[in-house]
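Here's the structure we're looking at; comments come further down.
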Amino acid sequence: MAFLTLTKRFTFEMAHLLPHYEGLCKNIHGHSYKLDVTLSGEPNHDKGTHSEGMIIDFKEFKQIINQSVIDIVDHSLVLNRQTDEILINFMQKQNLKLFLVDYRPTTENFLLDFANKIQGQLPSGITLYQLRLQETEGSLAEWHNSSK
């Protein structure tokens, strides 16, 4: 049995704010994020099938990540649900893309949320192995599957 990993990079734009932060990030601001998603599994050994020799087709890989994460957060403002109602109502009335979360919108918490969303969408036999979220050129966080 060959254990392999497969990684695909996704890029998206997203804004957030960190209330009570002691610095500039207490203001609404955005980043050009890079999300590296690594899956693990065994290549398909079914001779003559479309996916022979693959852990997962990159097309399917991309579709899963786009539907479970990227399409939701790209070009959105991410706010904690407890944020001032005036700001939330303004965003909603203007029909602006808003993503409300139950956590403080930090890079670390995004990774935990993304991992939960992705894991629920993966086909049988494929495991989410690692996530790496780069917020700025010099700042990133990583999530590793603790069961592997």
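To be explicit about the labels: the chains of the structure tokens are called A, B, and onward in the order shown, and within each one the residues are counted from 1, while ligands get numbers from 1 in the order they are shown.
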
Do you know which residues are at most 9 Å from Thr106 in chain A counting only C-alpha atoms, after dropping those on the same chain fewer than 4 positions away, and could you put them as a compact mmCIF listing (two decimals) with N, CA and C atoms, in the first residue's frame?
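Done, and the output landed in out.txt:
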```txt
# COMPACT_ATOMS: atom_id res chain seq x y z
N HIS A 16 -11.56 41.04 7.00
CA HIS A 16 -12.04 40.73 8.35
C HIS A 16 -11.64 41.86 9.27
N LEU A 17 -12.07 41.78 10.51
CA LEU A 17 -11.61 42.70 11.54
C LEU A 17 -11.50 41.93 12.83
N LEU A 18 -10.64 42.41 13.69
CA LEU A 18 -10.42 41.76 14.99
C LEU A 18 -10.76 42.75 16.10
N PHE A 110 -9.73 30.28 11.11
CA PHE A 110 -10.14 29.96 9.74
C PHE A 110 -9.70 28.54 9.38
N LEU A 111 -8.47 28.18 9.75
CA LEU A 111 -7.98 26.84 9.45
C LEU A 111 -8.84 25.76 10.10
```

Alpha helix (DSSP H) call set, DSSP backbone run, chain A, as an MDAnalysis selection string:
chainID A and resid 58:65 71:73 85:93 107:119

Each range 99-133 of chain A residue no farther than 9 Å from range 22-43 of chain A, nearest pair in Å, only C-alpha atoms, as JSON lines:
```
{"residue": "A:Gly125", "atom": "CA", "partner": "A:Gly41", "partner_atom": "CA", "distance": 6.2}
{"residue": "A:Ile126", "atom": "CA", "partner": "A:Gly41", "partner_atom": "CA", "distance": 5.0}
{"residue": "A:Thr127", "atom": "CA", "partner": "A:Ser40", "partner_atom": "CA", "distance": 5.2}
{"residue": "A:Leu128", "atom": "CA", "partner": "A:Leu39", "partner_atom": "CA", "distance": 4.7}
{"residue": "A:Tyr129", "atom": "CA", "partner": "A:Leu39", "partner_atom": "CA", "distance": 5.1}
{"residue": "A:Gln130", "atom": "CA", "partner": "A:Thr38", "partner_atom": "CA", "distance": 5.0}
{"residue": "A:Leu131", "atom": "CA", "partner": "A:Val37", "partner_atom": "CA", "distance": 4.8}
{"residue": "A:Arg132", "atom": "CA", "partner": "A:Asp36", "partner_atom": "CA", "distance": 5.0}
{"residue": "A:Leu133", "atom": "CA", "partner": "A:Leu35", "partner_atom": "CA", "distance": 4.6}
```

For Asp102 in chain A, list every protein, DNA or RNA residue within 9 Å, evaluated using only C-alpha atoms, and leave out those in the same chain fewer than 2 positions away; present the list as number ranges by chain.
A: 79-82, 100, 104-105

Nearest residue to Leu122 in chain A from the set A:Lys97, A:His50, A:Lys62, A:His144 (distances using only C-alpha atoms):
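Between A:Lys97, A:His50, A:Lys62, A:His144, the residue approaching Leu122 in chain A most closely is A:Lys62.
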
Filtered DSSP result for chain A, state strand (DSSP E), as JSON, numbers by chain:
{"A": [4, 5, 6, 7, 8, 9, 10, 11, 12, 13, 14, 15, 16, 29, 30, 31, 32, 33, 34, 35, 36, 37, 38, 39, 40, 41, 76, 77, 78, 79, 80, 98, 99, 100, 101, 127, 128, 129, 130, 131, 132, 133, 134, 135, 136, 139, 140, 141, 142, 143, 144]}

Suppose you want the space between CA of Met91 in chain A and CA of Ile118 in chain A; what is it in Å?
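Separation of CA of Met91 in chain A and CA of Ile118 in chain A: 26.9 Å.
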
Nearest candidate to Gln67 in chain A (options A:Thr107, A:Gln121, A:Gln92, A:Asn145; using only C-alpha atoms):
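Answer, going by the shortest atom-to-atom distance: A:Gln121.
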
To one decimal place, how far is CA of Met14 in chain A from CA of Leu140 in chain A in Å?
14.8 Å

Selection: 7 Å around Leu98 in chain A, only C-alpha atoms, excl. self and same-chain fewer than 6 positions, as a ChimeraX atom specification
/A:76-78,91

Keeping only N, CA and C atoms, write the selected residues to a file as a PDB file, in the first residue's frame.
```pdb
ATOM      1  N   SER A  76     -15.276  38.297   0.445  1.00  0.00           N
ATOM      2  CA  SER A  76     -16.279  38.524   1.482  1.00  0.00           C
ATOM      3  C   SER A  76     -15.655  39.271   2.650  1.00  0.00           C
ATOM      4  N   LEU A  77     -16.534  39.796   3.490  1.00  0.00           N
ATOM      5  CA  LEU A  77     -16.125  40.343   4.777  1.00  0.00           C
ATOM      6  C   LEU A  77     -16.534  39.319   5.815  1.00  0.00           C
ATOM      7  N   VAL A  78     -15.581  38.846   6.593  1.00  0.00           N
ATOM      8  CA  VAL A  78     -15.853  37.843   7.620  1.00  0.00           C
ATOM      9  C   VAL A  78     -15.956  38.560   8.968  1.00  0.00           C
ATOM     10  N   MET A  91     -24.242  45.795   5.821  1.00  0.00           N
ATOM     11  CA  MET A  91     -23.721  44.868   4.808  1.00  0.00           C
ATOM     12  C   MET A  91     -24.863  44.092   4.146  1.00  0.00           C
TER      13      MET A  91
END
```

Let me make sure I understand: among A:Phe99, A:Phe58, A:Phe3, A:Trp143, which one has the smallest atom-to-atom distance to Ile70 in chain A if we use only C-alpha atoms?
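So, comparing all the options, the nearest one is A:Phe99.
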
Rounded to one decimal in Å, what is the spacing between CA of Leu96 in chain A and CA of Val73 in chain A?
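Between CA of Leu96 in chain A and CA of Val73 in chain A the gap is 12.2 Å.
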
For Asn109 in chain A, which of A:Asp74, A:Glu142, A:Asp46, A:Glu85 is the closest residue, counting only C-alpha atoms?
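Nearest to Asn109 in chain A: A:Glu142.
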
So which one's closest to Glu135 in chain A, A:Phe114, A:Tyr103, A:Tyr21, A:Phe12? Using only C-alpha atoms, please.
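Closest candidate: A:Phe12.
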